[in-house]
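Source file: start.cif. Holds: mmCIF, C-alpha atoms.
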```cif
data_target
#
loop_
_atom_site.label_atom_id
_atom_site.label_comp_id
_atom_site.auth_asym_id
_atom_site.auth_seq_id
_atom_site.Cartn_x
_atom_site.Cartn_y
_atom_site.Cartn_z
CA MET A 16 -95.48 -30.12 13.74
CA PRO A 17 -98.87 -29.59 15.39
CA LEU A 18 -100.31 -32.22 17.70
CA GLY A 19 -101.92 -35.02 15.71
CA SER A 20 -99.64 -34.76 12.68
CA VAL A 21 -96.91 -36.98 14.10
CA ASP A 22 -95.72 -39.92 12.05
CA GLY A 23 -98.11 -42.84 12.39
CA GLN A 24 -95.69 -45.54 11.30
CA LEU A 25 -95.25 -47.39 14.59
CA GLY A 26 -95.39 -51.01 13.44
CA ALA A 27 -92.64 -53.46 14.15
CA ALA A 28 -90.19 -50.89 15.46
CA VAL A 29 -91.91 -50.77 18.84
CA LYS A 30 -92.38 -54.48 19.51
CA ALA A 31 -90.71 -54.81 22.91
CA PRO A 32 -88.43 -56.27 23.94
CA SER A 33 -87.01 -57.53 20.63
CA ALA A 34 -86.87 -54.16 18.84
CA ILE A 35 -85.36 -52.38 21.84
CA THR A 36 -82.76 -55.11 22.24
CA ARG A 37 -81.86 -54.95 18.55
CA ILE A 38 -81.53 -51.17 18.54
CA VAL A 39 -79.33 -50.87 21.61
CA SER A 40 -77.30 -53.93 20.63
CA MET A 41 -76.32 -52.35 17.32
CA GLU A 42 -75.58 -48.95 18.83
CA LEU A 43 -73.74 -49.99 21.99
CA GLY A 44 -71.75 -52.79 20.45
CA GLY A 45 -71.76 -56.57 20.15
CA GLY A 46 -72.03 -58.93 23.04
CA VAL A 47 -75.55 -57.99 24.09
CA ALA A 48 -77.59 -61.12 24.74
CA PRO A 49 -80.62 -61.69 22.49
CA VAL A 50 -83.10 -60.69 25.20
CA TRP A 51 -81.47 -60.01 28.56
CA PHE A 52 -79.44 -56.83 29.11
CA ASN A 53 -76.66 -58.43 31.13
CA ALA A 54 -73.71 -58.52 28.79
CA SER A 55 -70.57 -56.40 28.69
CA VAL A 56 -70.94 -52.90 27.27
CA PRO A 57 -68.02 -51.18 25.49
CA PHE A 58 -67.69 -48.29 27.93
CA THR A 59 -64.25 -47.71 29.38
CA GLY A 60 -63.72 -47.28 33.09
CA THR A 61 -66.55 -47.51 35.60
CA THR A 62 -70.18 -46.51 35.36
CA ARG A 63 -69.13 -43.00 36.37
CA ALA A 64 -67.82 -42.38 32.84
CA PRO A 65 -71.13 -42.78 30.98
CA ALA A 66 -72.92 -40.98 33.79
CA ARG A 67 -70.68 -37.95 33.26
CA ARG A 68 -71.19 -38.25 29.52
CA PHE A 69 -74.96 -37.97 29.76
CA ALA A 70 -74.87 -35.40 32.55
CA GLY A 71 -73.00 -33.13 30.17
CA ASP A 72 -75.46 -33.68 27.34
CA GLU A 73 -78.74 -32.77 28.98
CA GLY A 74 -79.19 -29.72 26.75
CA LYS A 75 -78.63 -31.88 23.67
CA HIS A 76 -81.60 -34.18 24.19
CA GLN A 77 -85.12 -33.47 25.43
CA VAL A 78 -84.78 -29.73 25.96
CA ARG A 79 -83.92 -29.21 22.31
CA THR A 80 -87.16 -30.85 21.30
CA ILE A 81 -88.96 -27.57 22.04
CA PHE A 82 -86.09 -25.47 20.66
CA GLY A 83 -85.05 -24.14 24.02
CA VAL A 84 -86.25 -21.28 26.14
CA ARG A 85 -86.13 -18.55 23.49
CA GLU A 86 -87.70 -20.23 20.45
CA GLY A 87 -90.19 -22.84 21.64
CA ARG A 88 -93.86 -22.10 20.97
CA LEU A 89 -96.85 -23.15 23.04
CA TRP A 90 -98.08 -25.67 20.47
CA GLN A 91 -94.66 -27.33 20.53
CA LEU A 92 -94.79 -27.57 24.32
CA ARG A 93 -98.26 -29.10 24.05
CA GLU A 94 -97.07 -31.73 21.59
CA TYR A 95 -94.02 -32.44 23.73
CA ALA A 96 -96.18 -32.85 26.85
CA ALA A 97 -98.65 -35.12 25.04
CA LEU A 98 -95.92 -37.47 23.87
CA ARG A 99 -94.04 -37.43 27.17
CA SER A 100 -97.26 -38.20 29.05
CA LEU A 101 -96.76 -41.87 28.17
CA TYR A 102 -93.63 -41.74 30.32
CA HIS A 103 -94.37 -39.17 33.01
CA LEU A 104 -97.86 -40.34 33.96
CA LYS A 105 -96.37 -43.64 35.16
CA GLU A 106 -92.73 -42.65 35.62
CA ALA A 107 -92.14 -43.84 39.17
CA ASP A 108 -94.11 -47.09 38.92
CA PRO A 109 -91.69 -49.33 36.96
CA HIS A 110 -88.80 -47.93 39.01
CA ALA A 111 -90.54 -49.06 42.21
CA TRP A 112 -90.50 -52.66 40.97
CA VAL A 113 -86.76 -52.82 41.64
CA LEU A 114 -87.07 -52.08 45.37
CA PRO A 115 -87.53 -55.71 46.58
CA ARG A 116 -84.58 -56.68 44.36
CA LEU A 117 -82.14 -54.33 46.08
CA ARG A 118 -80.65 -54.32 49.56
CA GLY A 119 -78.76 -52.08 51.93
CA ARG A 120 -77.74 -48.62 50.72
CA ALA A 121 -79.13 -49.13 47.23
CA LYS A 122 -82.57 -50.03 48.56
CA ALA A 123 -82.60 -47.18 51.11
CA GLY A 124 -81.51 -44.61 48.53
CA MET A 125 -83.99 -45.84 45.94
CA ALA A 126 -86.81 -45.80 48.49
CA ALA A 127 -85.94 -42.24 49.52
CA ILE A 128 -86.16 -41.01 45.92
CA GLU A 129 -89.34 -42.95 45.23
CA PHE A 130 -90.91 -41.47 48.37
CA ASP A 131 -90.44 -38.04 46.81
CA GLU A 132 -91.70 -39.23 43.44
CA PHE A 133 -94.87 -40.51 45.09
CA GLY A 134 -95.54 -37.17 46.74
CA ALA A 135 -93.92 -37.71 50.16
CA GLY A 136 -97.28 -38.84 51.52
CA ARG A 137 -99.37 -36.19 49.74
CA ALA A 138 -101.52 -37.43 46.87
CA GLU A 139 -101.65 -34.02 45.21
CA ASP A 140 -97.83 -33.93 45.06
CA ILE A 141 -97.30 -37.29 43.34
CA HIS A 142 -95.13 -36.39 40.37
CA ALA A 143 -97.40 -38.22 37.94
CA GLN A 144 -100.26 -36.08 39.26
CA LEU A 145 -98.15 -32.94 38.85
CA PHE A 146 -97.66 -33.88 35.21
CA ALA A 147 -101.39 -34.46 34.80
CA ASP A 148 -101.92 -30.97 36.23
CA LEU A 149 -99.40 -29.64 33.70
CA MET A 150 -101.39 -31.29 30.92
CA ALA A 151 -104.61 -29.73 32.19
CA ASP A 152 -102.95 -26.30 32.04
CA LEU A 153 -102.09 -27.05 28.43
CA ALA A 154 -105.67 -28.13 27.63
CA LEU A 155 -104.60 -31.74 27.05
CA GLU A 156 -106.38 -34.96 27.98
CA THR A 157 -104.89 -36.29 31.23
CA ALA A 158 -105.91 -39.96 30.98
CA TYR A 159 -102.94 -42.29 30.70
CA GLY A 160 -102.44 -43.65 27.20
CA HIS A 161 -104.76 -41.13 25.54
CA TYR A 162 -102.03 -40.06 23.09
CA VAL A 163 -100.54 -43.48 22.42
CA ASP A 164 -101.90 -43.58 18.86
CA ALA A 165 -100.18 -40.26 18.10
CA ALA A 166 -96.85 -41.37 19.57
CA PRO A 167 -93.90 -42.19 17.30
CA ALA A 168 -91.83 -45.31 17.80
CA GLU A 169 -89.15 -43.22 19.48
CA THR A 170 -91.54 -42.30 22.30
CA LEU A 171 -92.77 -45.85 22.80
CA ALA A 172 -89.25 -47.27 22.84
CA LEU A 173 -88.33 -45.21 25.91
CA VAL A 174 -91.53 -46.21 27.71
CA ASN A 175 -91.06 -49.87 26.79
CA LEU A 176 -87.45 -49.81 27.97
CA MET A 177 -88.47 -48.56 31.41
CA SER A 178 -91.21 -51.17 31.74
CA LEU A 179 -89.05 -54.02 30.43
CA LEU A 180 -86.20 -53.30 32.85
CA GLY A 181 -88.56 -52.97 35.77
CA LEU A 182 -90.36 -56.24 35.12
CA HIS A 183 -87.36 -58.57 35.42
CA ARG A 184 -85.15 -59.16 38.43
CA SER A 185 -82.28 -60.13 36.15
CA LEU A 186 -82.38 -56.61 34.68
CA ARG A 187 -82.17 -54.79 38.03
CA GLY A 188 -78.71 -53.42 37.23
CA ALA A 189 -79.89 -52.00 33.92
CA LEU A 190 -82.96 -50.52 35.63
CA VAL A 191 -80.72 -48.80 38.18
CA GLY A 192 -78.59 -47.46 35.30
CA HIS A 193 -81.67 -46.18 33.51
CA PHE A 194 -82.96 -44.58 36.70
CA ALA A 195 -79.61 -42.93 37.43
CA ALA A 196 -79.36 -41.55 33.89
CA VAL A 197 -82.78 -39.93 34.25
CA GLU A 198 -82.03 -38.40 37.64
CA VAL A 199 -78.54 -37.16 36.74
CA THR A 200 -79.71 -35.31 33.62
CA SER A 201 -83.09 -34.07 34.80
CA SER A 202 -82.40 -30.89 36.79
CA PRO A 203 -80.71 -28.69 34.13
CA GLY A 204 -83.22 -29.66 31.45
CA SER A 205 -86.13 -29.08 33.82
CA ARG A 206 -84.86 -25.58 34.52
CA ARG A 207 -84.94 -24.75 30.80
CA LEU A 208 -88.39 -26.26 30.38
CA ALA A 209 -89.73 -24.32 33.38
CA GLU A 210 -88.46 -21.12 31.79
CA ALA A 211 -90.11 -22.08 28.49
CA MET A 212 -93.41 -22.72 30.27
CA ARG A 213 -93.22 -19.29 31.89
CA ARG A 214 -92.30 -17.53 28.68
CA THR A 215 -95.20 -19.04 26.75
CA GLY A 216 -97.76 -18.52 29.52
CA ALA A 217 -98.44 -22.24 29.81
CA GLY A 218 -99.88 -21.92 33.31
CA PRO A 219 -98.87 -22.29 36.96
CA ALA A 220 -99.20 -26.08 37.10
CA ALA A 221 -97.10 -26.41 33.94
CA GLU A 222 -94.41 -24.28 35.55
CA ARG A 223 -94.63 -26.13 38.85
CA PHE A 224 -93.91 -29.58 37.42
CA TYR A 225 -90.54 -28.52 36.06
CA ASP A 226 -89.73 -26.16 38.95
CA GLU A 227 -90.25 -29.12 41.30
CA HIS A 228 -87.84 -31.23 39.28
CA VAL A 229 -85.14 -28.56 39.28
CA GLU A 230 -84.86 -28.80 43.06
CA ALA A 231 -85.89 -32.38 43.72
CA ASP A 232 -83.76 -33.99 41.02
CA ALA A 233 -80.67 -32.03 42.04
CA VAL A 234 -80.95 -33.89 45.35
CA HIS A 235 -82.01 -37.15 43.70
CA GLU A 236 -78.93 -37.02 41.48
CA GLN A 237 -76.61 -37.18 44.48
CA ILE A 238 -78.57 -40.00 46.12
CA ALA A 239 -78.68 -41.95 42.85
CA ARG A 240 -74.93 -41.59 42.35
CA ARG A 241 -73.69 -42.04 45.92
CA GLU A 242 -76.20 -44.48 47.36
CA VAL A 243 -78.17 -46.32 44.69
CA VAL A 244 -75.49 -46.97 42.07
CA ASP A 245 -72.51 -47.12 44.41
CA GLY A 246 -74.44 -49.20 46.95
CA LEU A 247 -75.58 -51.68 44.32
CA LEU A 248 -72.10 -52.09 42.89
CA LYS A 249 -70.56 -52.55 46.33
CA ASP A 250 -73.04 -55.38 46.95
CA GLU A 251 -73.04 -56.82 43.43
CA PRO A 252 -69.96 -55.66 41.50
CA ASP A 253 -70.72 -58.06 38.65
CA LEU A 254 -73.68 -55.84 37.73
CA GLU A 255 -71.47 -52.93 36.64
CA PRO A 256 -71.84 -53.71 32.91
CA ASP A 257 -75.61 -53.92 33.37
CA VAL A 258 -75.72 -50.51 35.05
CA ALA A 259 -73.61 -49.05 32.25
CA PHE A 260 -75.93 -50.64 29.71
CA GLY A 261 -78.98 -49.06 31.33
CA ILE A 262 -77.31 -45.65 31.22
CA GLY A 263 -76.27 -46.09 27.61
CA ALA A 264 -79.63 -47.44 26.41
CA THR A 265 -81.47 -44.57 28.06
CA GLY A 266 -79.21 -41.97 26.49
CA LEU A 267 -79.48 -43.60 23.09
CA LEU A 268 -83.27 -43.77 23.04
CA ASP A 269 -83.57 -40.30 24.54
CA SER A 270 -81.41 -38.99 21.69
CA ARG A 271 -83.59 -40.80 19.16
CA LEU A 272 -86.71 -39.14 20.53
CA ALA A 273 -85.05 -35.72 20.48
CA GLY A 274 -83.94 -36.38 16.89
CA TYR A 275 -87.49 -37.23 15.87
CA LEU A 276 -88.97 -34.12 17.45
CA THR A 277 -86.34 -31.81 15.96
CA GLY A 278 -86.66 -33.37 12.49
CA GLU A 279 -83.32 -35.14 12.62
CA SER A 280 -83.01 -38.68 11.34
CA SER A 281 -83.79 -41.76 13.41
CA SER A 282 -83.10 -45.36 12.50
CA LEU A 283 -85.91 -46.78 14.59
#
```

Mind converting the file's structure to structure tokens?
Amino acid sequence: MPLGSVDGQLGAAVKAPSAITRIVSMELGGGVAPVWFNASVPFTGTTRAPARRFAGDEGKHQVRTIFGVREGRLWQLREYAALRSLYHLKEADPHAWVLPRLRGRAKAGMAAIEFDEFGAGRAEDIHAQLFADLMADLALETAYGHYVDAAPAETLALVNLMSLLGLHRSLRGALVGHFAAVEVTSSPGSRRLAEAMRRTGAGPAAERFYDEHVEADAVHEQIARREVVDGLLKDEPDLEPDVAFGIGATGLLDSRLAGYLTGESSSL
């Protein structure tokens, strides 16, 4: 559907954190505390299992929202970018809140990835700025929050999840799980989106954002797996269910957004 015709029924479904907690509690099983994401999650094995699950599903989620490389049209890419701007224009900020709550390998690995996200010392290369440049190529407004009134509940739930996990020290394990899920699944989907941007003539900055994430997130994936997640769990093994919850909640809400954009059902 063209930009501006998205469903306006936001209402109670996006009241964080209660709505997010209720949604993921029902989907991921009982035992989730009323507010805090620190209860056992019904994944078998270690956090590597859900990580593999979502790594194998990257083509199933966000990339399908623009019907892939061959079918997506420019107006669909514009709508996709407008809705995702609520996430990408502040993406690294809530993740940075976890840094003082980590130590050792987890902190060093997280800081290394965040250094890249914040442009490695170059303001013009901050990833949020790269996304703003993408939006300018697509003739979209680049101010943060400009499209919030057009955003469905499924978009806001993902943004609220990231902010909620980042704000609370007790949710640091879930934030690390969320962060790892994003980094593990980003590179293949970014490759498809970069190809779609090229095919539709979206513009050089639009292409660059996703080209950058093909290379950068392939490296970030390994750091997230081997240093951030593994380092955290070596220091605080009791946080394993929290990490798994963060991975699962991210995959669930990502699927809901993809379902909305492809016209599939959503129970939000």

Which protein, DNA or RNA residues are at most 8 Å from (-88.9, -46.4, 25.9) in the file's coordinates when you count all atoms listed in the file, listed as a PDB file with C-alpha atoms, keeping the file's coordinate frame?
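The result, stored in part_27.pdb:
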```
ATOM      1  CA  TYR A 102     -93.630 -41.740  30.320  1.00  0.00           C
ATOM      2  CA  GLU A 169     -89.150 -43.220  19.480  1.00  0.00           C
ATOM      3  CA  THR A 170     -91.540 -42.300  22.300  1.00  0.00           C
ATOM      4  CA  LEU A 171     -92.770 -45.850  22.800  1.00  0.00           C
ATOM      5  CA  ALA A 172     -89.250 -47.270  22.840  1.00  0.00           C
ATOM      6  CA  LEU A 173     -88.330 -45.210  25.910  1.00  0.00           C
ATOM      7  CA  VAL A 174     -91.530 -46.210  27.710  1.00  0.00           C
ATOM      8  CA  ASN A 175     -91.060 -49.870  26.790  1.00  0.00           C
ATOM      9  CA  LEU A 176     -87.450 -49.810  27.970  1.00  0.00           C
ATOM     10  CA  MET A 177     -88.470 -48.560  31.410  1.00  0.00           C
ATOM     11  CA  SER A 178     -91.210 -51.170  31.740  1.00  0.00           C
ATOM     12  CA  THR A 265     -81.470 -44.570  28.060  1.00  0.00           C
ATOM     13  CA  LEU A 268     -83.270 -43.770  23.040  1.00  0.00           C
TER      14      LEU A 268
END
```

Shell around Thr157 of chain A at 12 Å using all atoms listed in the file, local window under 2 positions removed, as a CSV table (one decimal) with C-alpha atoms, keeping the file's coordinate frame:
```csv
chain,number,residue,atom,x,y,z
A,96,ALA,CA,-96.2,-32.8,26.8
A,97,ALA,CA,-98.6,-35.1,25.0
A,98,LEU,CA,-95.9,-37.5,23.9
A,99,ARG,CA,-94.0,-37.4,27.2
A,100,SER,CA,-97.3,-38.2,29.0
A,101,LEU,CA,-96.8,-41.9,28.2
A,103,HIS,CA,-94.4,-39.2,33.0
A,104,LEU,CA,-97.9,-40.3,34.0
A,105,LYS,CA,-96.4,-43.6,35.2
A,143,ALA,CA,-97.4,-38.2,37.9
A,144,GLN,CA,-100.3,-36.1,39.3
A,145,LEU,CA,-98.2,-32.9,38.8
A,146,PHE,CA,-97.7,-33.9,35.2
A,147,ALA,CA,-101.4,-34.5,34.8
A,148,ASP,CA,-101.9,-31.0,36.2
A,149,LEU,CA,-99.4,-29.6,33.7
A,150,MET,CA,-101.4,-31.3,30.9
A,151,ALA,CA,-104.6,-29.7,32.2
A,152,ASP,CA,-103.0,-26.3,32.0
A,153,LEU,CA,-102.1,-27.0,28.4
A,154,ALA,CA,-105.7,-28.1,27.6
A,155,LEU,CA,-104.6,-31.7,27.0
A,159,TYR,CA,-102.9,-42.3,30.7
A,160,GLY,CA,-102.4,-43.6,27.2
A,161,HIS,CA,-104.8,-41.1,25.5
A,162,TYR,CA,-102.0,-40.1,23.1
```

- Return the single residue from A:Asp164, A:Glu129, A:Glu156, A:Glu255 that is closest to Ala239 of chain A, with distances computed using all atoms listed in the file. A:Glu129

- Item | Hits from the PyMOL selection byres ((chain A and resi 227) around 12), listed as a PyMOL selection string | chain A and resi 131-132+134+140-142+145-146+149+201-203+205-206+208-209+219-226+228-235

- Task: Work out how far apart atom CA of Arg207 of chain A and atom CA of Phe260 of chain A are and give it in Å to one decimal.
- Result: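 Atom CA of Arg207 of chain A sits 27.4 Å away from atom CA of Phe260 of chain A.
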
- Message: Restricting the calculation to all atoms listed in the file: of A:Ser185, A:Thr215, A:Gln237, A:Ser270, which residue gets closest to Val199 of chain A?
- Response: A:Gln237

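Coordinates place atom CA of Gly218 of chain A at a distance of 28.8 Å from atom CA of His110 of chain A.
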
- Message: With distances taken over all atoms listed in the file, which residue among A:Gly192, A:Pro256, A:Gly216, A:Pro167 lies nearest Arg88 of chain A?
- Response: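 Once distances to Arg88 of chain A are computed over all atoms listed in the file, the minimum belongs to A:Gly216.
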
- Message: As an exercise, work out the distance from atom CA of Phe133 of chain A to atom CA of Arg184 of chain A in Å and give it to one decimal place.
- Response: 22.1 Å

- Message: If the PyMOL selection byres ((chain A and resi 183) around 12) were run on this exact file, what residues would it hold? Put them as a list in words.
- Response: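 When the PyMOL selection byres ((chain A and resi 183) around 12) is applied, the selected residues are Pro32, Val50, Trp51, Phe52, Asn53, Pro109, His110, Trp112, Val113, Leu114, Pro115, Arg116, Leu176, Met177, Ser178, Leu179, Leu180, Gly181, Leu182, Arg184, Ser185, Leu186, Arg187, Gly188, Ala189 and Leu190 of chain A.
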
Padding 4 Å on every side, please: axis-aligned box over the listed atoms of segment 120-130 of chain A, centre and edge lengths to one decimal in Å, as JSON.
```
{"center_x": -84.3, "center_y": -45.5, "center_z": 48.2, "size_x": 21.2, "size_y": 17.0, "size_z": 13.9}
```

- Item | Ground truth for the PyMOL selection byres ((chain A and resi 118) around 12), written as a list in words |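 Answer for the PyMOL selection byres ((chain A and resi 118) around 12): Val113, Leu114, Pro115, Arg116, Leu117, Gly119, Arg120, Ala121, Lys122, Ala123, Gly124, Met125, Ala126, Arg187, Glu242, Val243, Val244, Gly246, Leu247, Leu248, Lys249, Asp250 and Glu251 of chain A.
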
- Message: Restricting the calculation to all atoms listed in the file: of A:Ile128, A:Ala196, A:Ala166, A:Ala259, which residue gets closest to Tyr275 of chain A?
- Response: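 Selected residue with least distance to Tyr275 of chain A: A:Ala166.
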
- Item | Counting only C-alpha atoms, the residue of A:Arg214, A:Arg240, A:Arg271, A:His193 that sits nearest Glu106 of chain A |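 Using only C-alpha atoms, Glu106 of chain A sits closest to A:His193.
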
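If you measure from each of A:Leu254, A:Ala211, A:Ile238, A:Ala273 to Phe194 of chain A using only C-alpha atoms, the closest one turns out to be A:Ile238.
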